[in-house]
>>> print(open('protein_10.cif').read())   # mmCIF, C-alpha atoms
data_my_file
loop_
_atom_site.group_PDB
_atom_site.id
_atom_site.type_symbol
_atom_site.label_atom_id
_atom_site.label_comp_id
_atom_site.auth_asym_id
_atom_site.auth_seq_id
_atom_site.Cartn_x
_atom_site.Cartn_y
_atom_site.Cartn_z
ATOM 1 C CA MET T 1 142.868 -151.015 -145.775
ATOM 2 C CA VAL T 2 140.651 -148.246 -144.419
ATOM 3 C CA ALA T 3 139.716 -145.644 -147.027
ATOM 4 C CA LYS T 4 140.774 -142.047 -146.404
ATOM 5 C CA LEU T 5 139.422 -138.703 -147.521
ATOM 6 C CA LYS T 6 141.992 -138.420 -150.307
ATOM 7 C CA ASP T 7 140.953 -141.856 -151.649
ATOM 8 C CA VAL T 8 137.361 -140.676 -151.971
ATOM 9 C CA ALA T 9 138.526 -137.484 -153.697
ATOM 10 C CA LYS T 10 140.661 -139.421 -156.177
ATOM 11 C CA LEU T 11 137.877 -141.866 -157.075
ATOM 12 C CA ALA T 12 135.295 -139.074 -157.422
ATOM 13 C CA GLY T 13 137.681 -136.921 -159.446
ATOM 14 C CA VAL T 14 137.357 -133.926 -157.129
ATOM 15 C CA SER T 15 139.495 -132.172 -154.535
ATOM 16 C CA VAL T 16 139.753 -133.192 -150.878
ATOM 17 C CA THR T 17 138.169 -129.829 -150.030
ATOM 18 C CA THR T 18 135.133 -130.668 -152.165
ATOM 19 C CA VAL T 19 134.711 -134.040 -150.424
ATOM 20 C CA SER T 20 134.895 -132.285 -147.063
ATOM 21 C CA ARG T 21 132.255 -129.756 -148.180
ATOM 22 C CA VAL T 22 129.927 -132.577 -149.271
ATOM 23 C CA ILE T 23 130.349 -134.387 -145.944
ATOM 24 C CA ASN T 24 129.716 -131.177 -144.006
ATOM 25 C CA ASN T 25 126.848 -130.110 -146.276
ATOM 26 C CA TYR T 26 128.662 -126.793 -146.641
ATOM 27 C CA GLY T 27 128.634 -124.364 -149.555
ATOM 28 C CA SER T 28 127.004 -124.482 -152.961
ATOM 29 C CA LEU T 29 127.749 -127.670 -154.882
ATOM 30 C CA SER T 30 126.103 -129.189 -157.932
ATOM 31 C CA GLU T 31 123.892 -132.248 -157.571
ATOM 32 C CA LYS T 32 126.238 -134.073 -159.936
ATOM 33 C CA THR T 33 129.270 -133.404 -157.722
ATOM 34 C CA ILE T 34 127.428 -134.416 -154.549
ATOM 35 C CA ASN T 35 126.252 -137.672 -156.150
ATOM 36 C CA LYS T 36 129.776 -138.471 -157.414
ATOM 37 C CA VAL T 37 131.223 -138.021 -153.930
ATOM 38 C CA HIS T 38 128.503 -140.115 -152.268
ATOM 39 C CA GLU T 39 128.968 -142.845 -154.879
ATOM 40 C CA ALA T 40 132.729 -142.903 -154.223
ATOM 41 C CA MET T 41 132.113 -143.058 -150.459
ATOM 42 C CA ARG T 42 129.781 -146.017 -150.904
ATOM 43 C CA GLU T 43 132.196 -147.834 -153.233
ATOM 44 C CA LEU T 44 135.089 -147.393 -150.809
ATOM 45 C CA ASN T 45 132.869 -147.932 -147.733
ATOM 46 C CA TYR T 46 134.208 -144.648 -146.379
ATOM 47 C CA GLN T 47 132.745 -143.543 -143.031
ATOM 48 C CA PRO T 48 133.550 -140.091 -141.613
ATOM 49 C CA ASN T 49 134.854 -140.326 -138.055
ATOM 50 C CA ALA T 50 132.129 -138.571 -136.125
ATOM 51 C CA LEU T 51 133.965 -138.681 -132.789
ATOM 52 C CA ALA T 52 137.161 -137.265 -134.293
ATOM 53 C CA ARG T 53 135.175 -134.505 -135.962
ATOM 54 C CA ALA T 54 133.491 -133.622 -132.676
ATOM 55 C CA VAL T 55 136.852 -133.479 -130.873
ATOM 56 C CA GLN T 56 138.021 -131.021 -133.550
ATOM 57 C CA GLY T 57 134.978 -128.865 -132.847
ATOM 58 C CA LYS T 58 133.183 -129.870 -136.045
ATOM 59 C CA PRO T 59 129.610 -131.189 -136.259
ATOM 60 C CA SER T 60 129.381 -134.976 -136.000
ATOM 61 C CA LYS T 61 126.470 -134.955 -138.486
ATOM 62 C CA PHE T 62 124.593 -137.458 -136.294
ATOM 63 C CA ILE T 63 121.157 -136.881 -134.713
ATOM 64 C CA GLY T 64 119.745 -139.133 -132.013
ATOM 65 C CA LEU T 65 116.078 -140.165 -132.080
ATOM 66 C CA ILE T 66 114.568 -141.588 -128.875
ATOM 67 C CA PHE T 67 110.968 -142.881 -128.988
ATOM 68 C CA PRO T 68 108.971 -145.208 -126.710
ATOM 69 C CA ASN T 69 108.740 -147.832 -129.455
ATOM 70 C CA ILE T 70 108.699 -148.165 -133.204
ATOM 71 C CA ILE T 71 106.104 -150.947 -133.217
ATOM 72 C CA ASN T 72 103.267 -148.437 -133.025
ATOM 73 C CA PRO T 73 102.519 -147.530 -136.678
ATOM 74 C CA PHE T 74 102.438 -143.806 -135.909
ATOM 75 C CA TYR T 75 105.889 -143.750 -134.269
ATOM 76 C CA ALA T 76 107.273 -145.921 -137.073
ATOM 77 C CA GLU T 77 105.920 -143.503 -139.697
ATOM 78 C CA LEU T 78 107.223 -140.438 -137.838
ATOM 79 C CA VAL T 79 110.701 -141.898 -137.256
ATOM 80 C CA ASN T 80 110.923 -142.983 -140.890
ATOM 81 C CA ASP T 81 110.007 -139.478 -142.055
ATOM 82 C CA LEU T 82 112.504 -137.885 -139.652
ATOM 83 C CA GLU T 83 115.274 -140.184 -140.855
ATOM 84 C CA TYR T 84 114.502 -139.393 -144.515
ATOM 85 C CA ARG T 85 114.424 -135.621 -144.015
ATOM 86 C CA LEU T 86 117.552 -135.561 -141.845
ATOM 87 C CA PHE T 87 119.471 -137.616 -144.413
ATOM 88 C CA ALA T 88 118.508 -135.063 -147.070
ATOM 89 C CA LYS T 89 120.112 -132.412 -144.845
ATOM 90 C CA GLY T 90 123.339 -134.387 -144.557
ATOM 91 C CA TYR T 91 122.661 -136.033 -141.182
ATOM 92 C CA LYS T 92 122.642 -139.674 -140.178
ATOM 93 C CA THR T 93 120.406 -140.894 -137.376
ATOM 94 C CA ILE T 94 120.887 -143.137 -134.360
ATOM 95 C CA ILE T 95 117.447 -144.549 -133.545
ATOM 96 C CA ALA T 96 116.772 -145.706 -130.004
ATOM 97 C CA SER T 97 113.602 -147.368 -128.705
ATOM 98 C CA SER T 98 113.308 -146.748 -124.964
ATOM 99 C CA ALA T 99 110.736 -149.560 -124.587
ATOM 100 C CA GLN T 100 109.071 -147.399 -121.885
ATOM 101 C CA ASN T 101 111.952 -148.359 -119.578
ATOM 102 C CA PRO T 102 113.871 -145.610 -117.707
ATOM 103 C CA ASP T 103 117.077 -147.677 -117.491
ATOM 104 C CA ILE T 104 117.096 -148.257 -121.260
ATOM 105 C CA GLU T 105 116.386 -144.583 -121.927
ATOM 106 C CA TYR T 106 119.206 -143.514 -119.585
ATOM 107 C CA ASP T 107 121.687 -145.856 -121.301
ATOM 108 C CA TYR T 108 120.654 -144.622 -124.744
ATOM 109 C CA LEU T 109 121.113 -141.001 -123.690
ATOM 110 C CA ALA T 110 124.603 -141.846 -122.398
ATOM 111 C CA MET T 111 125.411 -143.623 -125.672
ATOM 112 C CA LEU T 112 124.225 -140.672 -127.766
ATOM 113 C CA MET T 113 126.298 -138.234 -125.740
ATOM 114 C CA ALA T 114 129.354 -140.518 -125.987
ATOM 115 C CA ASN T 115 128.954 -140.474 -129.750
ATOM 116 C CA GLN T 116 128.846 -136.676 -129.687
ATOM 117 C CA VAL T 117 125.579 -136.327 -131.573
ATOM 118 C CA ASP T 118 124.746 -132.829 -132.771
ATOM 119 C CA GLY T 119 121.245 -133.000 -131.338
ATOM 120 C CA ILE T 120 118.462 -135.227 -130.015
ATOM 121 C CA ILE T 121 114.754 -135.521 -130.811
ATOM 122 C CA SER T 122 112.979 -137.325 -127.988
ATOM 123 C CA GLY T 123 109.415 -138.598 -127.813
ATOM 124 C CA SER T 124 110.065 -140.584 -124.652
ATOM 125 C CA HIS T 125 109.352 -139.578 -121.062
ATOM 126 C CA ASN T 126 110.619 -142.204 -118.645
ATOM 127 C CA LEU T 127 113.326 -140.129 -116.994
ATOM 128 C CA GLY T 128 112.971 -137.226 -114.600
ATOM 129 C CA ILE T 129 113.489 -133.631 -115.645
ATOM 130 C CA GLU T 130 116.902 -133.456 -113.980
ATOM 131 C CA GLU T 131 118.436 -136.042 -116.344
ATOM 132 C CA TYR T 132 117.473 -134.024 -119.404
ATOM 133 C CA GLN T 133 118.649 -130.779 -117.825
ATOM 134 C CA ARG T 134 122.152 -132.266 -117.534
ATOM 135 C CA ILE T 135 122.444 -132.983 -121.258
ATOM 136 C CA LYS T 136 124.557 -130.489 -123.180
ATOM 137 C CA ALA T 137 123.422 -131.392 -126.704
ATOM 138 C CA PRO T 138 120.443 -129.479 -128.135
ATOM 139 C CA ILE T 139 117.190 -131.387 -127.554
ATOM 140 C CA VAL T 140 113.698 -131.018 -128.973
ATOM 141 C CA SER T 141 110.811 -132.963 -127.507
ATOM 142 C CA PHE T 142 107.899 -134.509 -129.348
ATOM 143 C CA ASP T 143 104.651 -134.218 -127.396
ATOM 144 C CA ARG T 144 106.347 -134.490 -123.993
ATOM 145 C CA TYR T 145 107.411 -132.022 -121.305
ATOM 146 C CA LEU T 146 111.051 -132.794 -120.519
ATOM 147 C CA ALA T 147 112.371 -129.541 -119.015
ATOM 148 C CA ASP T 148 111.648 -125.810 -119.055
ATOM 149 C CA ASN T 149 114.410 -125.103 -121.583
ATOM 150 C CA ILE T 150 113.452 -127.897 -124.021
ATOM 151 C CA PRO T 151 110.978 -126.878 -126.758
ATOM 152 C CA ILE T 152 107.970 -129.112 -127.397
ATOM 153 C CA VAL T 153 106.636 -129.890 -130.855
ATOM 154 C CA SER T 154 103.124 -131.315 -130.855
ATOM 155 C CA SER T 155 99.779 -131.289 -132.588
ATOM 156 C CA ASP T 156 96.604 -129.862 -131.072
ATOM 157 C CA SER T 157 95.766 -132.678 -128.675
ATOM 158 C CA TYR T 158 92.902 -130.826 -127.023
ATOM 159 C CA ARG T 159 91.142 -130.314 -130.342
ATOM 160 C CA GLY T 160 91.840 -133.947 -131.202
ATOM 161 C CA GLY T 161 90.094 -135.105 -128.041
ATOM 162 C CA GLN T 162 87.161 -132.851 -128.825
ATOM 163 C CA MET T 163 86.883 -134.303 -132.337
ATOM 164 C CA ALA T 164 86.794 -137.850 -130.983
ATOM 165 C CA ALA T 165 84.025 -137.007 -128.507
ATOM 166 C CA GLU T 166 82.085 -134.975 -131.075
ATOM 167 C CA TYR T 167 82.070 -137.959 -133.412
ATOM 168 C CA LEU T 168 80.646 -140.271 -130.738
ATOM 169 C CA ILE T 169 78.040 -137.660 -129.798
ATOM 170 C CA SER T 170 77.008 -137.383 -133.473
ATOM 171 C CA LYS T 171 76.344 -141.148 -133.356
ATOM 172 C CA ASN T 172 74.081 -140.745 -130.314
ATOM 173 C CA VAL T 173 76.395 -142.650 -127.977
ATOM 174 C CA LYS T 174 74.920 -142.645 -124.457
ATOM 175 C CA HIS T 175 77.397 -144.699 -122.410
ATOM 176 C CA PRO T 176 80.966 -143.882 -123.536
ATOM 177 C CA ALA T 177 84.221 -144.928 -121.949
ATOM 178 C CA VAL T 178 87.335 -142.767 -122.166
ATOM 179 C CA LEU T 179 90.660 -144.583 -121.987
ATOM 180 C CA ILE T 180 93.205 -142.491 -120.120
ATOM 181 C CA ASP T 181 96.921 -143.134 -120.530
ATOM 182 C CA GLU T 182 98.074 -142.168 -117.037
ATOM 183 C CA ASP T 183 101.153 -140.045 -117.632
ATOM 184 C CA THR T 184 102.940 -138.594 -114.625
ATOM 185 C CA SER T 185 104.642 -135.946 -116.779
ATOM 186 C CA VAL T 186 102.995 -132.652 -117.695
ATOM 187 C CA SER T 187 102.635 -133.390 -121.390
ATOM 188 C CA PRO T 188 100.433 -132.185 -124.252
ATOM 189 C CA THR T 189 99.215 -135.776 -124.713
ATOM 190 C CA LEU T 190 97.016 -135.349 -121.641
ATOM 191 C CA ASN T 191 95.132 -132.577 -123.430
ATOM 192 C CA ARG T 192 93.450 -135.074 -125.757
ATOM 193 C CA VAL T 193 91.714 -136.647 -122.754
ATOM 194 C CA GLN T 194 90.760 -133.228 -121.410
ATOM 195 C CA GLY T 195 89.293 -132.249 -124.768
ATOM 196 C CA ALA T 196 87.156 -135.385 -124.857
ATOM 197 C CA VAL T 197 85.842 -135.167 -121.291
ATOM 198 C CA ASP T 198 85.128 -131.424 -121.583
ATOM 199 C CA CYS T 199 83.105 -132.105 -124.725
ATOM 200 C CA PHE T 200 81.085 -134.876 -123.062
ATOM 201 C CA ALA T 201 80.512 -132.676 -120.013
ATOM 202 C CA ALA T 202 79.307 -129.779 -122.203
ATOM 203 C CA HIS T 203 76.723 -132.121 -123.744
ATOM 204 C CA ARG T 204 75.815 -133.573 -120.322
ATOM 205 C CA ILE T 205 76.843 -137.062 -121.321
ATOM 206 C CA GLU T 206 78.180 -139.227 -118.503
ATOM 207 C CA TYR T 207 81.397 -141.026 -119.372
ATOM 208 C CA VAL T 208 83.516 -143.608 -117.571
ATOM 209 C CA PRO T 209 87.274 -142.893 -117.327
ATOM 210 C CA LEU T 210 89.425 -146.039 -117.545
ATOM 211 C CA ASP T 211 93.161 -146.261 -116.882
ATOM 212 C CA ALA T 212 94.587 -147.643 -120.125
ATOM 213 C CA LYS T 213 97.513 -149.290 -118.325
ATOM 214 C CA LYS T 214 95.371 -151.079 -115.754
ATOM 215 C CA THR T 215 92.286 -151.931 -117.782
ATOM 216 C CA ASP T 216 91.947 -155.493 -119.063
ATOM 217 C CA LEU T 217 90.463 -154.793 -122.477
ATOM 218 C CA GLN T 218 89.185 -158.328 -122.962
ATOM 219 C CA ALA T 219 87.352 -158.330 -119.637
ATOM 220 C CA THR T 220 85.998 -154.805 -120.090
ATOM 221 C CA PHE T 221 84.730 -154.481 -123.679
ATOM 222 C CA PRO T 222 82.191 -154.213 -125.046
ATOM 223 C CA GLY T 223 80.529 -154.537 -121.627
ATOM 224 C CA LYS T 224 77.990 -151.823 -120.841
ATOM 225 C CA TYR T 225 79.501 -149.322 -123.257
ATOM 226 C CA ASP T 226 78.234 -148.244 -126.668
ATOM 227 C CA GLY T 227 81.225 -146.032 -127.449
ATOM 228 C CA VAL T 228 84.920 -145.720 -126.611
ATOM 229 C CA VAL T 229 87.497 -142.961 -126.972
ATOM 230 C CA ALA T 230 90.765 -144.905 -127.285
ATOM 231 C CA THR T 231 94.218 -143.425 -126.660
ATOM 232 C CA ASN T 232 95.640 -144.731 -129.945
ATOM 233 C CA ASP T 233 94.677 -146.658 -133.072
ATOM 234 C CA VAL T 234 96.159 -149.959 -131.905
ATOM 235 C CA ASP T 235 94.025 -150.075 -128.758
ATOM 236 C CA ALA T 236 91.003 -148.958 -130.790
ATOM 237 C CA LEU T 237 91.398 -151.896 -133.165
ATOM 238 C CA LYS T 238 91.800 -154.317 -130.250
ATOM 239 C CA ILE T 239 88.526 -153.065 -128.762
ATOM 240 C CA ILE T 240 86.776 -153.331 -132.132
ATOM 241 C CA HIS T 241 87.928 -156.940 -132.433
ATOM 242 C CA LEU T 242 86.478 -157.744 -128.996
ATOM 243 C CA ALA T 243 83.203 -156.004 -129.844
ATOM 244 C CA VAL T 244 82.815 -157.906 -133.119
ATOM 245 C CA ARG T 245 83.381 -161.204 -131.315
ATOM 246 C CA ALA T 246 80.605 -160.221 -128.910
ATOM 247 C CA GLY T 247 78.212 -159.628 -131.813
ATOM 248 C CA LYS T 248 78.332 -155.841 -131.926
ATOM 249 C CA GLN T 249 77.929 -153.952 -135.202
ATOM 250 C CA ILE T 250 80.827 -151.536 -135.545
ATOM 251 C CA ASN T 251 79.906 -147.974 -136.516
ATOM 252 C CA LYS T 252 76.245 -148.891 -136.035
ATOM 253 C CA ASN T 253 75.501 -149.906 -132.447
ATOM 254 C CA PHE T 254 79.077 -149.734 -131.151
ATOM 255 C CA HIS T 255 81.501 -146.901 -131.912
ATOM 256 C CA VAL T 256 85.234 -146.577 -131.229
ATOM 257 C CA THR T 257 87.531 -143.690 -132.089
ATOM 258 C CA GLY T 258 91.277 -144.075 -132.474
ATOM 259 C CA TYR T 259 94.093 -141.559 -132.329
ATOM 260 C CA ASP T 260 97.115 -140.899 -134.591
ATOM 261 C CA GLY T 261 95.733 -141.897 -137.998
ATOM 262 C CA SER T 262 98.938 -143.216 -139.540
ATOM 263 C CA LYS T 263 98.911 -144.046 -143.247
ATOM 264 C CA MET T 264 99.155 -147.780 -142.510
ATOM 265 C CA ILE T 265 96.129 -147.747 -140.216
ATOM 266 C CA ARG T 266 94.054 -145.694 -142.675
ATOM 267 C CA GLU T 267 94.875 -148.121 -145.478
ATOM 268 C CA LEU T 268 94.420 -151.370 -143.536
ATOM 269 C CA SER T 269 91.445 -150.265 -141.425
ATOM 270 C CA PRO T 270 89.628 -147.513 -143.333
ATOM 271 C CA GLU T 271 86.525 -148.244 -141.255
ATOM 272 C CA LEU T 272 88.215 -146.815 -138.131
ATOM 273 C CA PRO T 273 87.245 -143.230 -137.259
ATOM 274 C CA THR T 274 90.408 -141.646 -135.900
ATOM 275 C CA VAL T 275 92.097 -138.361 -135.122
ATOM 276 C CA GLN T 276 94.839 -137.883 -137.707
ATOM 277 C CA GLN T 277 98.096 -136.254 -136.663
ATOM 278 C CA PRO T 278 100.025 -134.404 -139.436
ATOM 279 C CA THR T 279 103.091 -136.660 -139.551
ATOM 280 C CA ALA T 280 104.989 -134.849 -142.303
ATOM 281 C CA ALA T 281 104.363 -131.408 -140.796
ATOM 282 C CA LEU T 282 105.389 -132.645 -137.326
ATOM 283 C CA SER T 283 108.602 -134.121 -138.734
ATOM 284 C CA GLU T 284 109.421 -130.894 -140.574
ATOM 285 C CA LEU T 285 108.767 -128.758 -137.492
ATOM 286 C CA LEU T 286 110.790 -131.068 -135.216
ATOM 287 C CA ILE T 287 113.800 -130.810 -137.517
ATOM 288 C CA ASP T 288 113.407 -127.069 -138.086
ATOM 289 C CA THR T 289 113.224 -126.463 -134.322
ATOM 290 C CA LEU T 290 116.251 -128.687 -133.677
ATOM 291 C CA MET T 291 118.310 -126.913 -136.348
ATOM 292 C CA LYS T 292 117.492 -123.577 -134.686
ATOM 293 C CA ARG T 293 118.608 -124.976 -131.335
ATOM 294 C CA ILE T 294 121.833 -126.320 -132.827
ATOM 295 C CA LYS T 295 122.531 -122.893 -134.311
ATOM 296 C CA ASN T 296 121.620 -121.094 -131.091
ATOM 297 C CA PRO T 297 121.409 -123.424 -128.045
ATOM 298 C CA ALA T 298 120.252 -120.576 -125.802
ATOM 299 C CA ALA T 299 117.270 -119.723 -127.995
ATOM 300 C CA ARG T 300 113.874 -119.934 -126.309
ATOM 301 C CA LEU T 301 111.598 -121.629 -128.811
ATOM 302 C CA ASN T 302 107.892 -122.251 -128.368
ATOM 303 C CA PRO T 303 106.384 -123.803 -131.522
ATOM 304 C CA GLN T 304 102.613 -123.608 -131.757
ATOM 305 C CA PRO T 305 100.723 -126.943 -131.875
ATOM 306 C CA LEU T 306 99.846 -128.093 -135.373
ATOM 307 C CA MET T 307 96.280 -128.702 -136.525
ATOM 308 C CA VAL T 308 94.837 -132.209 -136.456
ATOM 309 C CA ASP T 309 92.240 -133.701 -138.795
ATOM 310 C CA PHE T 310 89.598 -136.374 -138.386
ATOM 311 C CA HIS T 311 89.442 -139.476 -140.568
ATOM 312 C CA TYR T 312 85.823 -140.519 -140.972
ATOM 313 C CA PRO T 313 85.123 -144.231 -141.502
ATOM 314 C CA GLU T 314 84.678 -145.678 -144.952
ATOM 315 C CA ILE T 315 81.595 -147.861 -144.681
#
>>> encode(input="protein_10.cif", output="structure tokens")
Amino acid sequence: MVAKLKDVAKLAGVSVTTVSRVINNYGSLSEKTINKVHEAMRELNYQPNALARAVQGKPSKFIGLIFPNIINPFYAELVNDLEYRLFAKGYKTIIASSAQNPDIEYDYLAMLMANQVDGIISGSHNLGIEEYQRIKAPIVSFDRYLADNIPIVSSDSYRGGQMAAEYLISKNVKHPAVLIDEDTSVSPTLNRVQGAVDCFAAHRIEYVPLDAKKTDLQATFPGKYDGVVATNDVDALKIIHLAVRAGKQINKNFHVTGYDGSKMIRELSPELPTVQQPTAALSELLIDTLMKRIKNPAARLNPQPLMVDFHYPEI
């Protein structure tokens, strides 16, 4: 038999109104009362009907998260933090990995809208602007331009690119390569490449731009290069592995910088110099911006990019 609201109230020893307030995260309630209600819901396996609530004009209490993948340690860390913080605010998440495939992303968007989610945080960029303009639910983008009316939360990619180049210059690198993730969208991510190449140009250091999607890492590195600005930590570690196999001394006669600086990467590969994005601050700002959009969908929000840091190698 499917548990009902009154069953939860009876088991928790509170009123139906109190259970409803806990579910809706509404009003001032004691921690003890909230815990009793959640414990009763778990014991009875009670699940609020999000679709029915949406039909009644009430929040569904679901947020959709769309990211290119959750294999990349940085995305995994960010999604995990988002899920944790949203749960603390009374929301459940539907996590979708677009696998860098426009058809998958389109289907996930349709699924999220069918489930009447209260809002969407998207870090993916496979679809055209027109698809996102059709969506009625409030959307906030992470590090991607999706449409004029969709706010973007990002860190300072340009400064991050500068930091990566400055590190290689400090190591007297003379023949650097810059991996470029060719992105057809107008996104802040491109600024990290611009920051790096501007820095090299200012120091009159010739660099070689390489398309990250078309470059065969194994056939290319270490090659003629003594330094590499990688687009992310995973690619940086792949290049380091190839350089070590070729007899190079990492952080001595061959230097590679990563990007993202997730906790996992810093712990497992502390020798990797990398630009560190502020995961917790990004998560907090993404949620804060989305909550403002949910409250006022017409609001024009333009969050300022957050500061990045640089993780120097532990040698």
>>> atom_distance(input="protein_10.cif", atom1="atom CA of Gln218 of chain T", atom2="atom CA of Asp198 of chain T")
27.2 Å
>>> resolve_selection(input="protein_10.cif", expression="the PyMOL selection byres ((chain T and resi 258) around 8)", output="list in words")
Ala164, Val229, Ala230, Thr231, Asn232, Asp233, Val234, Asp235, Ala236, Leu237, Val256, Thr257, Tyr259, Asp260, Gly261, Leu272, Pro273, Thr274 and Val275 of chain T
>>> closest_residue(input="protein_10.cif", among="T:His203, T:His241, T:Thr18, T:Tyr312", to="Leu217 of chain T", atoms="all atoms listed in the file")
T:His241
>>> closest_residue(input="protein_10.cif", among="T:Arg293, T:Lys174, T:Lys263, T:Lys224", to="Ile120 of chain T", atoms="only C-alpha atoms")
T:Arg293
>>> resolve_selection(input="protein_10.cif", expression="the PyMOL selection byres ((chain T and resi 212) around 7)", output="JSON list (two decimals) with C-alpha atoms, in the coordinates of the input")
[["chain", "number", "residue", "atom", "x", "y", "z"],
["T", 179, "LEU", "CA", 90.66, -144.58, -121.99],
["T", 180, "ILE", "CA", 93.20, -142.49, -120.12],
["T", 181, "ASP", "CA", 96.92, -143.13, -120.53],
["T", 210, "LEU", "CA", 89.42, -146.04, -117.54],
["T", 211, "ASP", "CA", 93.16, -146.26, -116.88],
["T", 213, "LYS", "CA", 97.51, -149.29, -118.32],
["T", 214, "LYS", "CA", 95.37, -151.08, -115.75],
["T", 215, "THR", "CA", 92.29, -151.93, -117.78]]
>>> residues_around(input="protein_10.cif", residues="segment 139-143 of chain T", least_positions_apart="2", cutoff="6 Å", atoms="only C-alpha atoms", output="PyMOL selection string")
chain T and resi 119-123+150-154+188+290
>>> build_atoms(input="protein_10.cif", residues="segment 271-277 of chain T", atoms="all heavy atoms", output="PDB file, in the frame of the given file")
ATOM      1  N   GLU T 271      87.800-148.367-141.982  1.00  0.00           N
ATOM      2  CA  GLU T 271      86.525-148.244-141.255  1.00  0.00           C
ATOM      3  C   GLU T 271      86.706-147.602-139.881  1.00  0.00           C
ATOM      4  O   GLU T 271      85.722-147.302-139.190  1.00  0.00           O
ATOM      5  CB  GLU T 271      85.881-149.627-141.090  1.00  0.00           C
ATOM      6  CG  GLU T 271      86.522-150.540-140.062  1.00  0.00           C
ATOM      7  CD  GLU T 271      87.817-151.210-140.546  1.00  0.00           C
ATOM      8  OE1 GLU T 271      88.221-150.970-141.704  1.00  0.00           O
ATOM      9  OE2 GLU T 271      88.418-151.965-139.769  1.00  0.00           O
ATOM     10  N   LEU T 272      87.955-147.372-139.456  1.00  0.00           N
ATOM     11  CA  LEU T 272      88.215-146.815-138.131  1.00  0.00           C
ATOM     12  C   LEU T 272      88.158-145.285-138.148  1.00  0.00           C
ATOM     13  O   LEU T 272      88.979-144.635-138.803  1.00  0.00           O
ATOM     14  CB  LEU T 272      89.591-147.257-137.619  1.00  0.00           C
ATOM     15  CG  LEU T 272      90.031-146.636-136.281  1.00  0.00           C
ATOM     16  CD1 LEU T 272      89.148-147.146-135.138  1.00  0.00           C
ATOM     17  CD2 LEU T 272      91.500-146.929-135.995  1.00  0.00           C
ATOM     18  N   PRO T 273      87.222-144.684-137.407  1.00  0.00           N
ATOM     19  CA  PRO T 273      87.245-143.230-137.259  1.00  0.00           C
ATOM     20  C   PRO T 273      88.388-142.853-136.306  1.00  0.00           C
ATOM     21  O   PRO T 273      88.484-143.403-135.205  1.00  0.00           O
ATOM     22  CB  PRO T 273      85.877-142.907-136.649  1.00  0.00           C
ATOM     23  CG  PRO T 273      85.432-144.167-135.992  1.00  0.00           C
ATOM     24  CD  PRO T 273      86.069-145.301-136.733  1.00  0.00           C
ATOM     25  N   THR T 274      89.235-141.947-136.719  1.00  0.00           N
ATOM     26  CA  THR T 274      90.408-141.646-135.900  1.00  0.00           C
ATOM     27  C   THR T 274      90.886-140.224-136.093  1.00  0.00           C
ATOM     28  O   THR T 274      90.718-139.633-137.166  1.00  0.00           O
ATOM     29  CB  THR T 274      91.553-142.637-136.214  1.00  0.00           C
ATOM     30  OG1 THR T 274      92.667-142.366-135.348  1.00  0.00           O
ATOM     31  CG2 THR T 274      92.016-142.520-137.663  1.00  0.00           C
ATOM     32  N   VAL T 275      91.480-139.685-135.049  1.00  0.00           N
ATOM     33  CA  VAL T 275      92.097-138.361-135.122  1.00  0.00           C
ATOM     34  C   VAL T 275      93.439-138.523-135.829  1.00  0.00           C
ATOM     35  O   VAL T 275      94.264-139.361-135.437  1.00  0.00           O
ATOM     36  CB  VAL T 275      92.309-137.770-133.717  1.00  0.00           C
ATOM     37  CG1 VAL T 275      93.005-136.416-133.808  1.00  0.00           C
ATOM     38  CG2 VAL T 275      90.975-137.642-132.988  1.00  0.00           C
ATOM     39  N   GLN T 276      93.644-137.733-136.866  1.00  0.00           N
ATOM     40  CA  GLN T 276      94.839-137.883-137.707  1.00  0.00           C
ATOM     41  C   GLN T 276      95.857-136.788-137.402  1.00  0.00           C
ATOM     42  O   GLN T 276      95.595-135.608-137.594  1.00  0.00           O
ATOM     43  CB  GLN T 276      94.433-137.837-139.181  1.00  0.00           C
ATOM     44  CG  GLN T 276      95.575-138.116-140.138  1.00  0.00           C
ATOM     45  CD  GLN T 276      95.104-138.100-141.575  1.00  0.00           C
ATOM     46  OE1 GLN T 276      93.917-138.230-141.864  1.00  0.00           O
ATOM     47  NE2 GLN T 276      96.032-137.925-142.490  1.00  0.00           N
ATOM     48  N   GLN T 277      97.004-137.199-136.902  1.00  0.00           N
ATOM     49  CA  GLN T 277      98.096-136.254-136.663  1.00  0.00           C
ATOM     50  C   GLN T 277      98.849-135.997-137.974  1.00  0.00           C
ATOM     51  O   GLN T 277      99.033-136.916-138.774  1.00  0.00           O
ATOM     52  CB  GLN T 277      99.060-136.791-135.608  1.00  0.00           C
ATOM     53  CG  GLN T 277      98.438-136.978-134.237  1.00  0.00           C
ATOM     54  CD  GLN T 277      99.481-136.946-133.133  1.00  0.00           C
ATOM     55  OE1 GLN T 277     100.123-135.934-132.903  1.00  0.00           O
ATOM     56  NE2 GLN T 277      99.645-138.065-132.447  1.00  0.00           N
TER      57      GLN T 277
END
